[in-house]
>>> print(open('run06.csv').read())   # CSV, C-alpha atoms
chain,number,residue,atom,x,y,z
P,658,MET,CA,6.0,-14.9,-20.9
P,659,MET,CA,3.2,-17.3,-21.6
P,660,LEU,CA,4.7,-18.1,-25.0
P,661,VAL,CA,8.1,-19.1,-23.5
P,662,SER,CA,6.6,-21.4,-20.9
P,663,LEU,CA,4.3,-22.9,-23.6
P,664,ALA,CA,7.3,-23.6,-25.8
P,665,ILE,CA,9.2,-25.2,-22.9
P,666,LEU,CA,6.2,-27.3,-22.1
P,667,LEU,CA,5.9,-28.5,-25.7
P,668,TYR,CA,9.4,-29.9,-25.2
P,669,ILE,CA,9.1,-31.5,-21.8
P,670,ASN,CA,5.5,-32.3,-21.1
P,671,PRO,CA,3.0,-31.4,-23.9
P,672,GLY,CA,0.2,-33.5,-22.3
P,673,ALA,CA,0.2,-31.3,-19.2
P,674,THR,CA,-0.4,-28.0,-21.0
P,675,LEU,CA,-4.2,-27.9,-21.2
P,676,SER,CA,-4.8,-29.5,-17.8
P,677,THR,CA,-2.4,-26.9,-16.2
P,678,MET,CA,-4.3,-24.0,-17.8
P,679,ILE,CA,-7.7,-25.3,-16.9
P,680,ASP,CA,-6.6,-26.1,-13.3
P,681,ALA,CA,-5.3,-22.5,-13.0
P,682,SER,CA,-8.5,-21.1,-14.4
P,683,THR,CA,-10.5,-23.1,-12.0
P,684,GLU,CA,-8.3,-21.8,-9.2
P,685,ALA,CA,-9.0,-18.3,-10.4
P,686,LEU,CA,-12.7,-18.9,-10.4
P,687,THR,CA,-12.6,-20.3,-6.8
P,688,LEU,CA,-10.6,-17.2,-5.8
P,689,CYS,CA,-13.2,-14.9,-7.5
P,690,ILE,CA,-16.1,-16.6,-5.7
P,691,GLU,CA,-14.2,-16.0,-2.4
P,692,LEU,CA,-13.4,-12.4,-3.4
P,693,CYS,CA,-17.1,-11.9,-4.3
P,694,ALA,CA,-18.1,-12.8,-0.8
P,695,VAL,CA,-15.4,-10.6,0.7
P,696,TYR,CA,-16.3,-7.6,-1.6
P,697,ALA,CA,-19.9,-8.0,-0.7
P,698,VAL,CA,-19.1,-7.5,2.9
P,699,TRP,CA,-16.7,-4.6,2.4
P,700,LEU,CA,-18.8,-2.8,-0.3
P,701,GLY,CA,-21.8,-3.0,2.0
P,702,ILE,CA,-19.8,-1.5,4.9
P,703,LEU,CA,-18.3,1.0,2.6
P,704,GLU,CA,-21.7,2.2,1.5
P,705,ILE,CA,-22.7,2.8,5.1
P,706,VAL,CA,-19.4,4.6,5.7
P,707,GLU,CA,-20.3,6.8,2.7
P,708,ALA,CA,-23.9,7.4,3.8
P,709,THR,CA,-22.9,8.4,7.3
P,710,GLY,CA,-20.5,11.0,6.0
P,711,LEU,CA,-17.6,9.3,7.8
P,712,SER,CA,-15.7,8.9,4.6
P,713,LYS,CA,-15.7,12.7,4.2
P,714,LYS,CA,-14.2,13.0,7.6
P,715,ILE,CA,-11.5,10.4,7.0
P,716,ALA,CA,-10.7,12.1,3.7
P,717,ARG,CA,-10.5,15.5,5.4
P,718,ALA,CA,-8.1,14.1,8.0
P,719,LEU,CA,-5.8,12.5,5.4
P,720,ARG,CA,-6.3,15.3,2.9
P,721,PRO,CA,-2.9,17.1,3.3
P,722,ILE,CA,-1.0,13.8,2.7
P,723,ILE,CA,-3.2,12.8,-0.2
P,724,LYS,CA,-3.0,16.1,-1.9
P,725,LYS,CA,0.8,16.1,-1.8
P,726,LEU,CA,1.2,12.5,-2.6
P,727,PHE,CA,-1.3,12.1,-5.4
P,728,ARG,CA,-1.5,15.7,-6.7
P,729,ILE,CA,-5.2,15.7,-7.0
P,730,ASP,CA,-7.9,18.2,-6.0
P,731,ASN,CA,-11.2,16.4,-6.2
P,732,GLU,CA,-13.2,15.6,-3.1
P,733,GLU,CA,-14.8,12.4,-4.5
P,734,ILE,CA,-11.4,10.8,-5.5
P,735,GLU,CA,-9.8,12.0,-2.3
P,736,LYS,CA,-12.5,10.2,-0.3
P,737,MET,CA,-11.9,6.9,-2.2
P,738,ILE,CA,-8.1,7.1,-1.8
P,739,ALA,CA,-8.5,7.9,1.9
P,740,LEU,CA,-10.6,4.8,2.4
P,741,ASN,CA,-8.2,2.7,0.2
P,742,MET,CA,-5.2,3.8,2.3
P,743,SER,CA,-7.0,3.3,5.7
P,744,ALA,CA,-8.0,-0.2,4.6
P,745,ASN,CA,-4.4,-0.9,3.6
P,746,ILE,CA,-3.0,0.3,6.9
P,747,LEU,CA,-5.4,-1.9,8.8
P,748,GLY,CA,-4.1,-4.8,6.8
P,749,LEU,CA,-7.4,-5.3,4.9
P,750,GLY,CA,-6.0,-5.7,1.4
P,751,ASN,CA,-9.2,-7.2,0.0
P,752,ALA,CA,-11.2,-4.3,1.4
P,753,ALA,CA,-8.8,-1.8,-0.1
P,754,THR,CA,-9.2,-3.3,-3.6
P,755,PRO,CA,-12.8,-2.2,-4.5
P,756,MET,CA,-12.1,1.3,-3.2
P,757,GLY,CA,-8.9,1.5,-5.2
P,758,ILE,CA,-10.7,0.4,-8.3
P,759,LYS,CA,-13.3,3.1,-7.8
P,760,ALA,CA,-10.6,5.7,-7.4
P,761,MET,CA,-8.9,4.5,-10.5
P,762,LYS,CA,-12.0,4.7,-12.5
P,763,ALA,CA,-12.5,8.3,-11.5
P,764,LEU,CA,-8.9,9.2,-12.2
P,765,ASP,CA,-9.0,7.7,-15.7
P,766,ASN,CA,-9.0,10.4,-18.4
P,767,GLY,CA,-9.7,7.9,-21.2
P,768,ARG,CA,-6.4,8.7,-23.0
P,769,GLY,CA,-4.9,5.3,-22.3
P,770,VAL,CA,-1.8,6.7,-20.6
P,771,ALA,CA,-1.4,6.6,-16.8
P,772,THR,CA,-1.1,9.9,-15.1
P,773,PHE,CA,1.1,10.7,-12.1
P,774,SER,CA,-1.8,10.1,-9.7
P,775,ILE,CA,-2.6,6.7,-11.2
P,776,ILE,CA,1.0,5.6,-11.1
P,777,MET,CA,1.3,6.8,-7.5
P,778,LEU,CA,-1.9,4.9,-6.5
P,779,VAL,CA,-0.7,1.7,-8.1
P,780,VAL,CA,2.7,1.9,-6.4
P,781,VAL,CA,1.3,2.8,-3.0
P,782,ASN,CA,-1.0,-0.2,-3.2
P,783,ALA,CA,1.7,-2.5,-4.7
P,784,THR,CA,4.1,-1.6,-1.8
P,785,SER,CA,1.5,-1.1,0.8
P,786,ILE,CA,2.1,-0.8,4.5
P,787,GLN,CA,0.9,-3.8,6.5
P,788,LEU,CA,0.8,-3.4,10.2
P,789,LEU,CA,-0.3,-7.0,11.0
P,790,PRO,CA,0.9,-9.8,8.6
P,791,SER,CA,-1.9,-12.1,9.8
P,792,THR,CA,-1.6,-14.7,7.0
P,793,VAL,CA,2.1,-15.2,7.5
P,794,ILE,CA,1.7,-15.4,11.3
P,795,GLY,CA,-1.0,-18.0,10.9
P,796,LEU,CA,1.1,-20.1,8.6
P,797,ARG,CA,4.1,-19.8,11.0
P,798,ALA,CA,1.9,-21.0,13.9
P,799,SER,CA,0.6,-24.0,12.0
P,800,ALA,CA,4.2,-24.9,10.9
P,801,GLY,CA,5.1,-25.2,14.6
P,802,SER,CA,7.0,-22.0,15.1
P,803,SER,CA,7.9,-21.4,18.8
P,804,ASN,CA,7.2,-17.6,18.4
P,805,PRO,CA,5.0,-17.0,15.3
P,806,SER,CA,4.6,-13.3,15.9
P,807,ASP,CA,8.3,-12.4,16.4
P,808,ILE,CA,8.4,-11.3,12.7
P,809,ILE,CA,5.9,-8.4,13.3
P,810,LEU,CA,8.5,-5.8,14.1
P,811,PRO,CA,10.9,-6.6,11.2
P,812,THR,CA,7.9,-6.8,8.8
P,813,ILE,CA,6.7,-3.4,9.8
P,814,LEU,CA,10.1,-1.9,9.4
P,815,ALA,CA,10.7,-3.5,6.1
P,816,THR,CA,7.3,-2.5,4.8
P,817,VAL,CA,8.0,1.1,5.7
P,818,VAL,CA,11.2,0.9,3.8
P,819,THR,CA,9.5,-0.6,0.7
P,820,LEU,CA,6.8,2.1,0.7
P,821,THR,CA,9.2,5.0,1.2
P,822,VAL,CA,11.5,3.7,-1.6
P,823,GLY,CA,8.5,3.2,-3.8
P,824,ILE,CA,7.1,6.7,-3.3
P,825,SER,CA,10.5,8.3,-3.6
P,826,LEU,CA,11.1,6.5,-6.9
P,827,VAL,CA,7.8,7.7,-8.3
P,828,PHE,CA,8.7,11.3,-7.5
P,829,LEU,CA,12.2,10.8,-8.9
P,830,CYS,CA,10.9,9.2,-12.2
P,831,ASP,CA,8.4,12.0,-12.5
P,832,LYS,CA,11.1,14.6,-12.1
P,833,ILE,CA,13.3,12.9,-14.7
P,834,LYS,CA,10.3,12.7,-17.1
P,835,GLN,CA,9.6,16.4,-16.7
P,836,LYS,CA,13.2,17.2,-17.4
P,837,ILE,CA,13.2,15.1,-20.6
P,838,LYS,CA,10.0,16.8,-21.7
P,839,GLY,CA,11.5,20.2,-20.9
P,840,LYS,CA,14.5,19.5,-23.1
P,841,LYS,CA,12.4,18.4,-26.0
P,842,HIS,CA,10.4,21.7,-26.0
M,165,MET,CA,-5.8,-7.5,21.1
M,166,SER,CA,-6.0,-7.0,17.4
M,167,ILE,CA,-8.9,-9.4,17.0
M,168,TYR,CA,-11.1,-6.9,18.8
M,169,ILE,CA,-10.4,-4.0,16.4
M,170,LEU,CA,-12.7,-5.0,13.6
M,171,PRO,CA,-15.8,-6.0,15.6
M,172,ILE,CA,-15.5,-2.8,17.6
M,173,LEU,CA,-15.1,-0.7,14.4
M,174,PHE,CA,-18.2,-2.4,13.0
M,175,ILE,CA,-20.3,-1.9,16.1
M,176,GLY,CA,-19.2,1.8,16.2
M,177,LEU,CA,-20.1,2.2,12.5
M,178,PHE,CA,-23.6,0.7,12.9
M,179,LEU,CA,-24.3,2.8,16.0
M,180,TYR,CA,-23.1,5.9,14.2
M,181,GLY,CA,-25.4,5.1,11.3
M,182,PHE,CA,-28.2,4.6,13.7
M,183,PHE,CA,-27.4,8.0,15.3
M,184,LYS,CA,-27.3,9.6,11.9
M,185,LYS,CA,-30.7,8.1,11.1
M,186,ILE,CA,-29.5,6.0,8.2
M,187,ASN,CA,-31.3,2.8,7.1
M,188,THR,CA,-28.2,0.6,7.5
M,189,TYR,CA,-29.9,-2.5,6.0
M,190,ASP,CA,-30.9,-0.9,2.7
M,191,THR,CA,-27.5,0.9,2.5
M,192,PHE,CA,-25.6,-2.3,3.1
M,193,VAL,CA,-27.6,-4.1,0.4
M,194,LYS,CA,-27.1,-1.3,-2.0
M,195,GLY,CA,-23.3,-1.5,-1.6
M,196,ALA,CA,-23.1,-5.3,-1.6
M,197,LYS,CA,-24.9,-5.4,-4.9
M,198,GLY,CA,-21.8,-4.1,-6.6
M,199,ALA,CA,-19.7,-7.1,-5.6
M,200,ILE,CA,-20.9,-9.6,-8.2
M,201,LYS,CA,-20.6,-7.1,-11.0
M,202,LEU,CA,-17.1,-6.2,-9.9
M,203,VAL,CA,-15.9,-9.8,-9.6
M,204,VAL,CA,-17.4,-10.7,-13.0
M,205,GLU,CA,-15.4,-7.8,-14.5
M,206,ILE,CA,-12.1,-8.7,-12.9
M,207,PHE,CA,-12.4,-12.5,-13.3
M,208,PRO,CA,-10.8,-12.7,-16.8
M,209,TYR,CA,-7.8,-10.7,-15.6
M,210,ILE,CA,-7.3,-12.9,-12.6
M,211,ALA,CA,-7.7,-16.1,-14.7
M,212,CYS,CA,-5.1,-14.9,-17.3
M,213,ILE,CA,-2.5,-14.0,-14.6
M,214,MET,CA,-3.0,-17.3,-12.8
M,215,ILE,CA,-2.8,-19.3,-16.0
M,216,ALA,CA,0.4,-17.6,-17.0
M,217,VAL,CA,1.9,-18.2,-13.5
M,218,ALA,CA,0.9,-21.9,-13.5
M,219,LEU,CA,2.5,-22.4,-16.9
M,220,LEU,CA,5.7,-20.7,-15.8
M,221,ARG,CA,5.9,-23.0,-12.7
M,222,VAL,CA,5.0,-26.2,-14.5
M,223,SER,CA,7.4,-25.6,-17.3
M,224,GLY,CA,10.2,-25.1,-14.8
M,225,ALA,CA,11.0,-21.7,-16.1
M,226,THR,CA,10.9,-20.1,-12.7
M,227,GLU,CA,13.2,-22.8,-11.2
M,228,PHE,CA,15.7,-22.2,-14.0
M,229,LEU,CA,15.5,-18.4,-13.5
M,230,ALA,CA,15.9,-18.9,-9.8
M,231,LYS,CA,19.1,-20.9,-10.4
M,232,CYS,CA,20.5,-18.3,-12.7
M,233,LEU,CA,19.7,-15.5,-10.3
M,234,ALA,CA,21.0,-17.3,-7.2
M,235,PRO,CA,24.5,-15.6,-7.2
M,236,VAL,CA,22.9,-12.2,-7.6
M,237,PHE,CA,20.7,-12.7,-4.6
M,238,ASN,CA,23.6,-14.1,-2.7
M,239,PHE,CA,25.5,-11.0,-3.4
M,240,LEU,CA,22.6,-8.8,-2.2
M,241,GLY,CA,22.4,-10.7,1.1
M,242,ILE,CA,19.3,-12.7,0.3
M,243,PRO,CA,19.5,-16.4,0.9
M,244,PRO,CA,19.5,-18.0,-2.6
M,245,GLU,CA,17.0,-20.6,-1.3
M,246,LEU,CA,14.4,-17.8,-1.5
M,247,CYS,CA,14.9,-17.0,-5.2
M,248,GLU,CA,11.8,-18.7,-6.4
M,249,LEU,CA,9.7,-17.2,-3.7
M,250,ILE,CA,10.8,-13.7,-4.5
M,251,LEU,CA,10.4,-14.3,-8.3
M,252,LEU,CA,6.8,-15.5,-7.9
M,253,ARG,CA,5.7,-13.1,-5.2
M,254,PRO,CA,4.8,-10.2,-7.6
M,255,PHE,CA,2.5,-12.5,-9.5
M,256,THR,CA,0.6,-14.6,-7.1
M,257,GLY,CA,-0.5,-14.4,-3.4
M,258,SER,CA,-1.7,-18.0,-3.0
M,259,GLY,CA,1.3,-19.4,-4.9
M,260,SER,CA,3.8,-17.5,-2.8
M,261,TYR,CA,2.1,-18.6,0.5
M,262,ALA,CA,2.3,-22.2,-0.8
M,263,LEU,CA,6.1,-21.7,-1.4
M,264,LEU,CA,6.4,-20.2,2.1
M,265,ASN,CA,4.9,-23.3,3.5
M,266,ASP,CA,7.5,-25.4,1.6
M,267,VAL,CA,10.2,-23.2,3.0
M,268,PHE,CA,8.8,-23.8,6.6
M,269,ALA,CA,8.7,-27.6,5.9
M,270,VAL,CA,12.3,-27.7,4.7
M,271,TYR,CA,14.1,-25.2,6.9
M,272,GLY,CA,11.6,-24.7,9.8
M,273,PRO,CA,9.7,-21.5,10.5
M,274,ASP,CA,12.2,-20.3,13.2
M,275,SER,CA,15.4,-20.7,11.1
M,276,TYR,CA,17.0,-17.7,9.5
M,277,ILE,CA,15.7,-18.6,6.1
M,278,GLY,CA,12.2,-19.2,7.4
M,279,ARG,CA,12.1,-15.9,9.2
M,280,CYS,CA,13.5,-14.1,6.1
M,281,ALA,CA,10.8,-15.7,4.0
M,282,SER,CA,8.1,-14.6,6.5
M,283,VAL,CA,9.3,-11.0,6.5
M,284,ILE,CA,9.7,-10.8,2.8
M,285,LEU,CA,6.2,-12.0,2.2
M,286,GLY,CA,4.8,-9.7,4.9
M,287,CYS,CA,6.4,-6.6,3.5
M,288,SER,CA,5.7,-7.2,-0.2
M,289,GLU,CA,2.6,-7.3,-2.4
M,290,THR,CA,1.4,-9.1,-5.5
M,291,ILE,CA,2.5,-6.2,-7.7
M,292,PHE,CA,1.4,-7.4,-11.1
M,293,TYR,CA,-1.9,-8.7,-9.7
M,294,VAL,CA,-2.6,-5.4,-8.0
M,295,ALA,CA,-1.7,-3.4,-11.2
M,296,THR,CA,-3.9,-5.6,-13.4
M,297,ILE,CA,-6.9,-5.5,-11.2
M,298,TYR,CA,-6.7,-1.8,-10.5
M,299,LEU,CA,-6.5,-1.0,-14.2
M,300,SER,CA,-9.1,-3.5,-15.2
M,301,GLN,CA,-11.9,-0.9,-15.1
M,302,THR,CA,-10.0,1.8,-16.9
M,303,LYS,CA,-8.8,2.3,-20.5
M,304,ILE,CA,-5.2,2.7,-19.4
M,305,LYS,CA,-2.8,0.5,-21.4
M,306,LYS,CA,0.5,2.1,-20.4
M,307,LEU,CA,1.6,2.3,-16.8
M,308,GLY,CA,4.8,4.2,-17.4
M,309,TYR,CA,7.3,3.7,-14.6
M,310,ALA,CA,4.9,2.3,-12.0
M,311,ILE,CA,5.9,-1.4,-12.2
M,312,PRO,CA,9.7,-0.8,-12.2
M,313,CYS,CA,9.3,1.5,-9.3
M,314,ALA,CA,7.3,-1.0,-7.3
M,315,LEU,CA,9.6,-3.9,-8.2
M,316,ILE,CA,12.8,-2.0,-7.2
M,317,ALA,CA,11.2,-0.9,-4.0
M,318,SER,CA,10.2,-4.6,-3.2
M,319,ILE,CA,13.7,-5.9,-3.9
M,320,ILE,CA,15.2,-3.2,-1.6
M,321,GLY,CA,12.6,-4.1,1.0
M,322,ALA,CA,13.6,-7.8,0.7
M,323,ILE,CA,17.3,-7.0,1.1
M,324,PHE,CA,16.4,-4.9,4.1
M,325,ALA,CA,14.2,-7.7,5.5
M,326,CYS,CA,17.0,-10.2,5.4
M,327,LEU,CA,19.3,-7.7,7.1
M,328,LEU,CA,16.8,-7.1,9.8
M,329,CYS,CA,16.3,-10.8,10.4
M,330,ARG,CA,20.0,-11.0,11.2
M,331,ILE,CA,19.8,-8.3,13.8
M,332,ILE,CA,16.4,-8.7,15.4
>>> encode(input="run06.csv", output="structure tokens")
Amino acid sequence: MMLVSLAILLYINPGATLSTMIDASTEALTLCIELCAVYAVWLGILEIVEATGLSKKIARALRPIIKKLFRIDNEEIEKMIALNMSANILGLGNAATPMGIKAMKALDNGRGVATFSIIMLVVVNATSIQLLPSTVIGLRASAGSSNPSDIILPTILATVVTLTVGISLVFLCDKIKQKIKGKKH
Amino acid sequence: MSIYILPILFIGLFLYGFFKKINTYDTFVKGAKGAIKLVVEIFPYIACIMIAVALLRVSGATEFLAKCLAPVFNFLGIPPELCELILLRPFTGSGSYALLNDVFAVYGPDSYIGRCASVILGCSETIFYVATIYLSQTKIKKLGYAIPCALIASIIGAIFACLLCRII
């Protein structure tokens, strides 16, 4: 992907190549500094949630869903995934990330290939439910919309569709994979 | 209403911690310490993705792709004006919000296209960005069918979003 765009740039505007790359890298650094601040707040809160034992309670409540969806049986990981999912539902994508990363680290078996649980966690986070699309509403308001929040209902419905399709596809792909494996043996 | 949720949750949490006799200050600091390390570790991945996306946009590759895919999107019921937005959405959050603003400026936020764009952005995620960052701390190199599943789900979500905007 990078190669193709570099080749095109060589043809149309070779002078812009390096400056574009450095601009983007600077943007990434700014984003990371912002993220660092956001993560500090959420990791701090998360630690308190952990210490009070609240995360265990949330995990216990979500346990039946998590067990079925991710096919895992490990209290530590269940806890992380439960918090990751609750943050996603609350629309706190940036709070969900550090917890998701922790869960990923614990799920990794070091063999370099993603397991079912890891794939499911990526897909659930990549198609996550958002109950309040606050950034979009803010942008609509500043663009002079007469009713910035009238997109909430369609957004929730569409996000449910996306998530359901994503989860079903993962189950389907896993079934197909199992069948292919079964035939080989 | 929703602006009260977070502060109330936080107050509840601190009160609960107090009730459980936890030193909330020390605990918070302990957790927050992890932030810098985490960001230092994910920075190279974020930088790489953002550089690739910037090159794609500056080179005009996305515009070209969007033009090629316009008939396909039209067939699926998605306004072809939103091609570039849908193409870039899986890669960049800030980039797609910038494009959303462009859409608002050209067509207006309350137009059909403007509403479609809003719903599409609201119901989708930065798939490649999420996948890269989530995997950044693991040894996993192959994600199997995760990305195709997420992409197909997002496209179906986008088709559904445009359909909903026509009814609601």
>>> residues_around(input="run06.csv", residues="P:Ile702", least_positions_apart="5", cutoff="12 Å", atoms="only C-alpha atoms", output="PyMOL selection string")
(chain P and resi 695-697+707-709+711-712+740+744+752+755-756) or (chain M and resi 170+173-178+181+188-199)
>>> interface_residues(input="run06.csv", of="chain P", to="chain M", cutoff="6 Å", atoms="all atoms listed in the file", output="PDB file with C-alpha atoms, in the frame of the given file")
ATOM      1  CA  MET P 659       3.200 -17.300 -21.600  1.00  0.00           C
ATOM      2  CA  SER P 662       6.600 -21.400 -20.900  1.00  0.00           C
ATOM      3  CA  ILE P 665       9.200 -25.200 -22.900  1.00  0.00           C
ATOM      4  CA  LEU P 666       6.200 -27.300 -22.100  1.00  0.00           C
ATOM      5  CA  MET P 678      -4.300 -24.000 -17.800  1.00  0.00           C
ATOM      6  CA  ALA P 681      -5.300 -22.500 -13.000  1.00  0.00           C
ATOM      7  CA  SER P 682      -8.500 -21.100 -14.400  1.00  0.00           C
ATOM      8  CA  ALA P 685      -9.000 -18.300 -10.400  1.00  0.00           C
ATOM      9  CA  CYS P 693     -17.100 -11.900  -4.300  1.00  0.00           C
ATOM     10  CA  TYR P 696     -16.300  -7.600  -1.600  1.00  0.00           C
ATOM     11  CA  ALA P 697     -19.900  -8.000  -0.700  1.00  0.00           C
ATOM     12  CA  LEU P 700     -18.800  -2.800  -0.300  1.00  0.00           C
ATOM     13  CA  GLY P 701     -21.800  -3.000   2.000  1.00  0.00           C
ATOM     14  CA  GLU P 704     -21.700   2.200   1.500  1.00  0.00           C
ATOM     15  CA  ILE P 705     -22.700   2.800   5.100  1.00  0.00           C
ATOM     16  CA  THR P 709     -22.900   8.400   7.300  1.00  0.00           C
ATOM     17  CA  ILE P 758     -10.700   0.400  -8.300  1.00  0.00           C
ATOM     18  CA  LYS P 762     -12.000   4.700 -12.500  1.00  0.00           C
ATOM     19  CA  GLY P 767      -9.700   7.900 -21.200  1.00  0.00           C
ATOM     20  CA  GLY P 769      -4.900   5.300 -22.300  1.00  0.00           C
ATOM     21  CA  VAL P 770      -1.800   6.700 -20.600  1.00  0.00           C
ATOM     22  CA  ALA P 771      -1.400   6.600 -16.800  1.00  0.00           C
ATOM     23  CA  ILE P 776       1.000   5.600 -11.100  1.00  0.00           C
ATOM     24  CA  VAL P 780       2.700   1.900  -6.400  1.00  0.00           C
ATOM     25  CA  ALA P 783       1.700  -2.500  -4.700  1.00  0.00           C
ATOM     26  CA  THR P 784       4.100  -1.600  -1.800  1.00  0.00           C
ATOM     27  CA  PRO P 790       0.900  -9.800   8.600  1.00  0.00           C
ATOM     28  CA  ARG P 797       4.100 -19.800  11.000  1.00  0.00           C
ATOM     29  CA  SER P 802       7.000 -22.000  15.100  1.00  0.00           C
ATOM     30  CA  THR P 812       7.900  -6.800   8.800  1.00  0.00           C
ATOM     31  CA  ALA P 815      10.700  -3.500   6.100  1.00  0.00           C
ATOM     32  CA  THR P 816       7.300  -2.500   4.800  1.00  0.00           C
ATOM     33  CA  VAL P 818      11.200   0.900   3.800  1.00  0.00           C
ATOM     34  CA  THR P 819       9.500  -0.600   0.700  1.00  0.00           C
ATOM     35  CA  VAL P 822      11.500   3.700  -1.600  1.00  0.00           C
ATOM     36  CA  GLY P 823       8.500   3.200  -3.800  1.00  0.00           C
ATOM     37  CA  LEU P 826      11.100   6.500  -6.900  1.00  0.00           C
TER      38      LEU P 826
END
>>> closest_residue(input="run06.csv", among="P:Leu789, P:Phe773, P:Asn766, P:Pro671", to="P:Ile809", atoms="only C-alpha atoms")
P:Leu789
>>> atom_distance(input="run06.csv", atom1="atom CA of M:Leu249", atom2="atom CA of M:Lys231")
12.1 Å
>>> atom_distance(input="run06.csv", atom1="atom CA of P:Thr683", atom2="atom CA of P:Gln787")
29.1 Å
>>> atom_distance(input="run06.csv", atom1="atom CA of P:Gly748", atom2="atom CA of M:Phe237")
28.4 Å
